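Asker: My structure file model32.pdb, PDB, C-alpha atoms, is below:
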```
ATOM      1  CA  MET A   5      77.809  57.109  83.694  1.00  0.00           C
ATOM      2  CA  PRO A   6      81.050  58.703  82.502  1.00  0.00           C
ATOM      3  CA  ARG A   7      83.381  60.043  85.160  1.00  0.00           C
ATOM      4  CA  SER A   8      84.063  63.766  85.444  1.00  0.00           C
ATOM      5  CA  PRO A   9      87.410  64.726  83.965  1.00  0.00           C
ATOM      6  CA  SER A  10      90.031  65.597  86.558  1.00  0.00           C
ATOM      7  CA  SER A  11      93.727  66.473  86.673  1.00  0.00           C
ATOM      8  CA  GLU A  12      96.326  67.642  89.212  1.00  0.00           C
ATOM      9  CA  VAL A  13      95.100  71.175  88.747  1.00  0.00           C
ATOM     10  CA  GLY A  14      91.461  70.473  89.473  1.00  0.00           C
ATOM     11  CA  SER A  15      88.348  68.860  88.105  1.00  0.00           C
ATOM     12  CA  ALA A  16      85.411  69.876  85.976  1.00  0.00           C
ATOM     13  CA  ALA A  17      81.855  68.688  86.245  1.00  0.00           C
ATOM     14  CA  ARG A  18      78.754  69.373  84.280  1.00  0.00           C
ATOM     15  CA  ASN A  19      75.244  68.142  85.000  1.00  0.00           C
ATOM     16  CA  THR A  20      72.848  67.706  82.134  1.00  0.00           C
ATOM     17  CA  ARG A  21      69.183  67.002  82.413  1.00  0.00           C
ATOM     18  CA  LEU A  22      67.711  64.739  79.760  1.00  0.00           C
ATOM     19  CA  GLU A  23      63.970  64.725  79.165  1.00  0.00           C
ATOM     20  CA  VAL A  24      62.436  62.037  76.996  1.00  0.00           C
ATOM     21  CA  THR A  25      59.040  62.780  75.530  1.00  0.00           C
ATOM     22  CA  VAL A  26      56.995  59.995  74.085  1.00  0.00           C
ATOM     23  CA  THR A  27      54.845  60.858  71.109  1.00  0.00           C
ATOM     24  CA  ARG A  28      51.542  59.086  71.167  1.00  0.00           C
ATOM     25  CA  ARG A  29      50.500  57.285  68.056  1.00  0.00           C
ATOM     26  CA  ALA A  30      46.886  56.533  67.134  1.00  0.00           C
ATOM     27  CA  VAL A  31      45.760  53.985  64.553  1.00  0.00           C
ATOM     28  CA  ILE A  32      42.150  53.125  63.700  1.00  0.00           C
ATOM     29  CA  GLU A  33      41.258  49.610  62.670  1.00  0.00           C
ATOM     30  CA  PRO A  34      39.974  48.827  60.172  1.00  0.00           C
ATOM     31  CA  GLY A  35      41.677  51.408  57.944  1.00  0.00           C
ATOM     32  CA  GLN A  36      38.618  51.483  55.691  1.00  0.00           C
ATOM     33  CA  LEU A  37      35.270  49.901  56.339  1.00  0.00           C
ATOM     34  CA  LEU A  38      32.499  48.915  53.967  1.00  0.00           C
ATOM     35  CA  VAL A  39      29.283  48.379  55.932  1.00  0.00           C
ATOM     36  CA  THR A  40      26.286  46.719  54.381  1.00  0.00           C
ATOM     37  CA  THR A  41      22.853  47.978  55.300  1.00  0.00           C
ATOM     38  CA  ARG A  42      21.608  46.905  58.732  1.00  0.00           C
ATOM     39  CA  GLN A  43      25.013  45.443  59.645  1.00  0.00           C
ATOM     40  CA  PRO A  44      26.535  46.671  62.918  1.00  0.00           C
ATOM     41  CA  ALA A  45      30.224  47.572  62.835  1.00  0.00           C
ATOM     42  CA  GLN A  46      33.005  48.681  65.151  1.00  0.00           C
ATOM     43  CA  LEU A  47      35.997  51.010  64.813  1.00  0.00           C
ATOM     44  CA  THR A  48      38.865  50.611  67.270  1.00  0.00           C
ATOM     45  CA  CYS A  49      41.393  53.327  68.106  1.00  0.00           C
ATOM     46  CA  HIS A  50      44.705  51.738  69.110  1.00  0.00           C
ATOM     47  CA  VAL A  51      46.916  54.182  71.036  1.00  0.00           C
ATOM     48  CA  THR A  52      50.638  53.650  71.700  1.00  0.00           C
ATOM     49  CA  PRO A  53      51.704  54.062  74.429  1.00  0.00           C
ATOM     50  CA  PRO A  54      48.314  53.395  76.016  1.00  0.00           C
ATOM     51  CA  LEU A  55      46.358  56.112  77.762  1.00  0.00           C
ATOM     52  CA  ALA A  56      43.071  56.460  79.584  1.00  0.00           C
ATOM     53  CA  ALA A  57      39.972  55.963  77.438  1.00  0.00           C
ATOM     54  CA  SER A  58      38.701  59.366  78.529  1.00  0.00           C
ATOM     55  CA  ASP A  59      41.610  60.959  76.622  1.00  0.00           C
ATOM     56  CA  ILE A  60      40.304  59.620  73.301  1.00  0.00           C
ATOM     57  CA  VAL A  61      38.025  61.930  71.328  1.00  0.00           C
ATOM     58  CA  TRP A  62      36.095  60.713  68.271  1.00  0.00           C
ATOM     59  CA  PHE A  63      35.044  62.934  65.366  1.00  0.00           C
ATOM     60  CA  LYS A  64      32.779  62.181  62.429  1.00  0.00           C
ATOM     61  CA  ASP A  65      32.992  64.379  59.348  1.00  0.00           C
ATOM     62  CA  GLY A  66      34.878  66.996  61.385  1.00  0.00           C
ATOM     63  CA  ARG A  67      32.333  67.162  64.215  1.00  0.00           C
ATOM     64  CA  ARG A  68      33.067  65.893  67.692  1.00  0.00           C
ATOM     65  CA  LEU A  69      30.954  62.920  68.734  1.00  0.00           C
ATOM     66  CA  PRO A  70      29.310  62.916  72.199  1.00  0.00           C
ATOM     67  CA  ALA A  71      31.493  62.191  75.230  1.00  0.00           C
ATOM     68  CA  ALA A  72      29.889  58.736  75.499  1.00  0.00           C
ATOM     69  CA  ALA A  73      31.892  57.848  72.391  1.00  0.00           C
ATOM     70  CA  SER A  74      35.185  58.579  74.200  1.00  0.00           C
ATOM     71  CA  ARG A  75      36.476  55.045  74.435  1.00  0.00           C
ATOM     72  CA  PRO A  76      38.805  52.994  72.274  1.00  0.00           C
ATOM     73  CA  ALA A  77      36.017  51.100  70.452  1.00  0.00           C
ATOM     74  CA  LEU A  78      33.293  53.007  68.644  1.00  0.00           C
ATOM     75  CA  GLN A  79      30.125  51.030  67.868  1.00  0.00           C
ATOM     76  CA  LEU A  80      28.364  51.923  64.635  1.00  0.00           C
ATOM     77  CA  THR A  81      24.810  50.656  64.813  1.00  0.00           C
ATOM     78  CA  GLY A  82      22.165  50.290  62.203  1.00  0.00           C
ATOM     79  CA  GLY A  83      24.375  50.360  59.148  1.00  0.00           C
ATOM     80  CA  ASN A  84      22.095  52.937  57.557  1.00  0.00           C
ATOM     81  CA  ARG A  85      23.336  55.685  55.248  1.00  0.00           C
ATOM     82  CA  SER A  86      23.950  58.092  58.166  1.00  0.00           C
ATOM     83  CA  VAL A  87      26.777  55.826  59.406  1.00  0.00           C
ATOM     84  CA  ALA A  88      28.847  56.585  56.302  1.00  0.00           C
ATOM     85  CA  GLY A  89      31.526  59.237  56.642  1.00  0.00           C
ATOM     86  CA  MET A  90      35.056  60.103  57.730  1.00  0.00           C
ATOM     87  CA  TYR A  91      35.876  59.103  61.328  1.00  0.00           C
ATOM     88  CA  GLN A  92      38.811  60.415  63.345  1.00  0.00           C
ATOM     89  CA  CYS A  93      40.280  59.318  66.640  1.00  0.00           C
ATOM     90  CA  HIS A  94      42.139  62.171  68.357  1.00  0.00           C
ATOM     91  CA  VAL A  95      44.621  61.677  71.184  1.00  0.00           C
ATOM     92  CA  THR A  96      47.120  64.079  72.755  1.00  0.00           C
ATOM     93  CA  ASP A  97      49.737  64.033  69.974  1.00  0.00           C
ATOM     94  CA  ASP A  98      48.099  62.324  67.029  1.00  0.00           C
ATOM     95  CA  LEU A  99      44.995  62.057  64.898  1.00  0.00           C
ATOM     96  CA  ALA A 100      44.047  58.801  63.139  1.00  0.00           C
ATOM     97  CA  THR A 101      41.546  58.752  60.290  1.00  0.00           C
ATOM     98  CA  THR A 102      39.423  56.086  58.607  1.00  0.00           C
ATOM     99  CA  GLN A 103      36.555  56.125  56.157  1.00  0.00           C
ATOM    100  CA  VAL A 104      33.317  54.199  56.570  1.00  0.00           C
ATOM    101  CA  ARG A 105      31.248  53.589  53.466  1.00  0.00           C
ATOM    102  CA  ILE A 106      27.879  51.959  53.012  1.00  0.00           C
ATOM    103  CA  GLY A 107      27.873  49.238  50.414  1.00  0.00           C
ATOM    104  CA  ALA A 108      25.730  46.506  49.058  1.00  0.00           C
ATOM    105  CA  LEU A 109      25.916  42.743  48.922  1.00  0.00           C
ATOM    106  CA  PRO A 110      25.454  41.392  45.390  1.00  0.00           C
ATOM    107  CA  ALA A 111      22.311  39.425  44.595  1.00  0.00           C
ATOM    108  CA  ARG A 112      22.575  35.672  45.034  1.00  0.00           C
ATOM    109  CA  LEU A 113      19.980  33.026  44.224  1.00  0.00           C
ATOM    110  CA  LEU A 114      19.175  30.760  47.170  1.00  0.00           C
ATOM    111  CA  LEU A 115      16.491  28.742  45.427  1.00  0.00           C
ATOM    112  CA  SER A 116      16.087  28.706  41.680  1.00  0.00           C
ATOM    113  CA  LEU A 117      14.341  26.704  39.033  1.00  0.00           C
ATOM    114  CA  VAL A 118      15.751  23.630  37.427  1.00  0.00           C
ATOM    115  CA  GLN A 119      14.890  23.070  33.810  1.00  0.00           C
ATOM    116  CA  GLN A 120      11.893  20.794  33.659  1.00  0.00           C
ATOM    117  CA  THR A 121       9.098  19.802  31.366  1.00  0.00           C
ATOM    118  CA  VAL A 122       5.612  20.427  32.664  1.00  0.00           C
ATOM    119  CA  GLN A 123       2.571  18.721  31.167  1.00  0.00           C
ATOM    120  CA  PRO A 124      -0.290  21.217  31.286  1.00  0.00           C
ATOM    121  CA  VAL A 125      -3.645  19.923  32.470  1.00  0.00           C
ATOM    122  CA  VAL A 126      -6.804  21.821  31.532  1.00  0.00           C
ATOM    123  CA  ASP A 127      -8.038  24.242  34.228  1.00  0.00           C
ATOM    124  CA  THR A 128      -5.039  23.697  36.567  1.00  0.00           C
ATOM    125  CA  ALA A 129      -2.261  26.004  37.702  1.00  0.00           C
ATOM    126  CA  ILE A 130       1.389  25.448  38.477  1.00  0.00           C
ATOM    127  CA  THR A 131       3.534  27.463  40.877  1.00  0.00           C
ATOM    128  CA  PHE A 132       7.274  28.061  40.657  1.00  0.00           C
ATOM    129  CA  THR A 133       9.343  29.431  43.557  1.00  0.00           C
ATOM    130  CA  CYS A 134      12.549  31.441  43.539  1.00  0.00           C
ATOM    131  CA  ALA A 135      14.447  32.947  46.512  1.00  0.00           C
ATOM    132  CA  ALA A 136      17.259  35.492  46.389  1.00  0.00           C
ATOM    133  CA  THR A 137      19.287  37.515  48.863  1.00  0.00           C
ATOM    134  CA  SER A 138      21.213  40.801  48.715  1.00  0.00           C
ATOM    135  CA  SER A 139      21.594  44.055  50.562  1.00  0.00           C
ATOM    136  CA  PRO A 140      19.494  46.051  49.905  1.00  0.00           C
ATOM    137  CA  PRO A 141      16.867  43.303  49.406  1.00  0.00           C
ATOM    138  CA  PRO A 142      16.661  42.142  45.780  1.00  0.00           C
ATOM    139  CA  ALA A 143      13.875  42.639  43.279  1.00  0.00           C
ATOM    140  CA  VAL A 144      12.918  39.331  41.631  1.00  0.00           C
ATOM    141  CA  THR A 145      11.693  39.473  38.043  1.00  0.00           C
ATOM    142  CA  TRP A 146      10.003  36.598  36.248  1.00  0.00           C
ATOM    143  CA  THR A 147      10.259  36.505  32.453  1.00  0.00           C
ATOM    144  CA  ARG A 148       9.075  34.352  29.595  1.00  0.00           C
ATOM    145  CA  ASP A 149      11.009  34.709  26.377  1.00  0.00           C
ATOM    146  CA  GLY A 150      12.440  38.014  27.676  1.00  0.00           C
ATOM    147  CA  VAL A 151       9.022  39.506  28.530  1.00  0.00           C
ATOM    148  CA  SER A 152       8.218  40.353  32.161  1.00  0.00           C
ATOM    149  CA  ALA A 153       5.419  38.309  33.788  1.00  0.00           C
ATOM    150  CA  ASP A 154       3.512  41.564  34.574  1.00  0.00           C
ATOM    151  CA  GLN A 155       3.212  42.198  30.823  1.00  0.00           C
ATOM    152  CA  LEU A 156       2.065  38.687  29.901  1.00  0.00           C
ATOM    153  CA  GLY A 157      -1.543  38.979  30.989  1.00  0.00           C
ATOM    154  CA  GLY A 158      -3.918  37.458  33.525  1.00  0.00           C
ATOM    155  CA  ARG A 159      -2.615  33.866  33.393  1.00  0.00           C
ATOM    156  CA  PHE A 160       0.555  34.950  35.221  1.00  0.00           C
ATOM    157  CA  HIS A 161       0.480  36.007  38.864  1.00  0.00           C
ATOM    158  CA  VAL A 162       3.587  36.959  40.908  1.00  0.00           C
ATOM    159  CA  GLN A 163       3.637  37.126  44.711  1.00  0.00           C
ATOM    160  CA  ASP A 164       6.742  38.255  46.644  1.00  0.00           C
ATOM    161  CA  SER A 165       7.418  37.930  50.366  1.00  0.00           C
ATOM    162  CA  THR A 166      10.352  39.029  52.487  1.00  0.00           C
ATOM    163  CA  SER A 167      11.772  36.827  55.215  1.00  0.00           C
ATOM    164  CA  GLY A 168      14.709  37.837  57.328  1.00  0.00           C
ATOM    165  CA  VAL A 169      16.538  41.018  56.517  1.00  0.00           C
ATOM    166  CA  LYS A 170      17.723  40.420  52.960  1.00  0.00           C
ATOM    167  CA  VAL A 171      15.824  37.401  51.568  1.00  0.00           C
ATOM    168  CA  VAL A 172      13.000  37.713  49.050  1.00  0.00           C
ATOM    169  CA  THR A 173      10.938  34.688  48.054  1.00  0.00           C
ATOM    170  CA  SER A 174       8.958  35.069  44.863  1.00  0.00           C
ATOM    171  CA  GLN A 175       6.281  32.744  43.518  1.00  0.00           C
ATOM    172  CA  LEU A 176       5.016  32.678  39.966  1.00  0.00           C
ATOM    173  CA  THR A 177       1.671  30.990  39.418  1.00  0.00           C
ATOM    174  CA  ILE A 178       0.725  30.220  35.837  1.00  0.00           C
ATOM    175  CA  GLN A 179      -2.785  29.168  34.835  1.00  0.00           C
ATOM    176  CA  GLN A 180      -2.978  26.751  31.878  1.00  0.00           C
ATOM    177  CA  VAL A 181       0.797  26.205  31.612  1.00  0.00           C
ATOM    178  CA  SER A 182       2.156  26.084  28.079  1.00  0.00           C
ATOM    179  CA  ARG A 183       5.856  27.127  28.366  1.00  0.00           C
ATOM    180  CA  PHE A 184       8.632  27.173  30.954  1.00  0.00           C
ATOM    181  CA  SER A 185       9.711  30.486  32.539  1.00  0.00           C
ATOM    182  CA  ARG A 186      12.935  31.745  34.148  1.00  0.00           C
ATOM    183  CA  CYS A 187      13.683  33.566  37.398  1.00  0.00           C
ATOM    184  CA  HIS A 188      16.281  36.401  37.424  1.00  0.00           C
ATOM    185  CA  SER A 189      17.399  38.581  40.321  1.00  0.00           C
TER     186      SER A 189
END
```
Starting from the file, lay out its structure as structure tokens.

Answerer:
Amino acid sequence: MPRSPSSEVGSAARNTRLEVTVTRRAVIEPGQLLVTTRQPAQLTCHVTPPLAASDIVWFKDGRRLPAAASRPALQLTGGNRSVAGMYQCHVTDDLATTQVRIGALPARLLLSLVQQTVQPVVDTAITFTCAATSSPPPAVTWTRDGVSADQLGGRFHVQDSTSGVKVVTSQLTIQQVSRFSRCHS
């Protein structure tokens, strides 16, 4: 600390009070979030310098969330369309914002046909299987020469089943096989 100035005639002193205020800073991670359907997610409000969790207030689309949400990590369950929106984490001196959107996973074939030659036998049937995944679950379409199996008549029968959350298995049964077909998702 500097010394007070003094001379033969006297001295002078001045006391100064210094107050340091720390501005709190809030940051939400992730900065943007794309949630696929039925996928749980989490938003985390990082506060510097740290403070008690009870001093954190979460808002969604401008509306305060229940007090139970007043903690640094906010769990978003279900991943349904109602999860989408603008989320804010409010602390004493700052407000952090992030956007949560609902998205989709592109369709991907898990099991598809390989090109093969089939020798038809009178009064027999052959079954082909295709499996695909996406979010929301995919629609599998069977075609022959660009025409959907539903429009080809009674020799063609399609049966779909869903296993897991996003996987669709589709089977095409053809009576009296005469041509090869393709699976598209």

Asker: Give me the residues within 8 Å of Thr81 in chain A as a list in words, counting all atoms listed in the file and dropping any in the same chain fewer than 3 places off.

Answerer: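 Everything that qualifies: Arg42, Gln43, Pro44, Ala45 and Val87 of chain A.
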
Asker: When you draw a straight line from CA of Thr145 in chain A to CA of Gly157 in chain A, how long is it in Å?

Answerer: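 One can read the CA of Thr145 in chain A to CA of Gly157 in chain A distance as 15.0 Å.
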
Asker: Taking only C-alpha atoms into account, name the residue in A:Gln119, A:Gln92, A:Asn19, A:Thr137 that is nearest to Thr166 in chain A.

Answerer: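 Answer, going by the shortest atom-to-atom distance: A:Thr137.
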
Asker: Which residue out of A:Ala143, A:Val61, A:Leu176, A:Ala77 has the minimum interatomic distance to Glu33 in chain A when all atoms listed in the file are used?

Answerer: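 Answer, going by the shortest atom-to-atom distance: A:Ala77.
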
Asker: Write out as a list in words the residues lying within 12 Å of Asp154 in chain A, counting all atoms listed in the file and excluding same-chain residues fewer than 6 positions away.

Answerer: Val144, Thr145, Trp146, Thr147, Arg148, Phe160, His161, Val162, Gln163, Leu176, Thr177 and Ile178 of chain A

Asker: Could you work out how far CA of Asp164 in chain A lies from CA of Arg112 in chain A, giving the answer in Å with one decimal?

Answerer: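 Separation between CA of Arg112 in chain A and CA of Asp164 in chain A: 16.1 Å.
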
Asker: Using all atoms listed in the file, determine which residues lie at most 9 Å from Val51 in chain A, disregarding the query and same-chain residues fewer than 3 positions distant; provide the list as a PyMOL selection string.

Answerer: chain A and resi 28-32+54-55+60+76+95

Asker: For Gly89 in chain A, which residue out of A:Gln36, A:Thr121, A:Thr48, A:Thr133 is the nearest one, using only C-alpha atoms?

Answerer: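 That would be A:Gln36, the residue with the smallest distance to Gly89 in chain A.
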
Asker: Would you compute the distance between CA of Gly35 in chain A and CA of Thr96 in chain A? Give it in Å to one decimal.

Answerer: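 Value for the CA of Gly35 in chain A-CA of Thr96 in chain A distance: 20.2 Å.
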
Asker: Going by the chain IDs and residue numbers used in this file, which residues fall under the PyMOL selection byres ((chain A and resi 63) around 8)? Write them as a list of chain:residue names.

Answerer: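 Applied to this file, the PyMOL selection byres ((chain A and resi 63) around 8) returns A:Val61, A:Trp62, A:Lys64, A:Asp65, A:Gly66, A:Arg67, A:Arg68, A:Leu69, A:Tyr91, A:Gln92, A:Cys93, A:His94.
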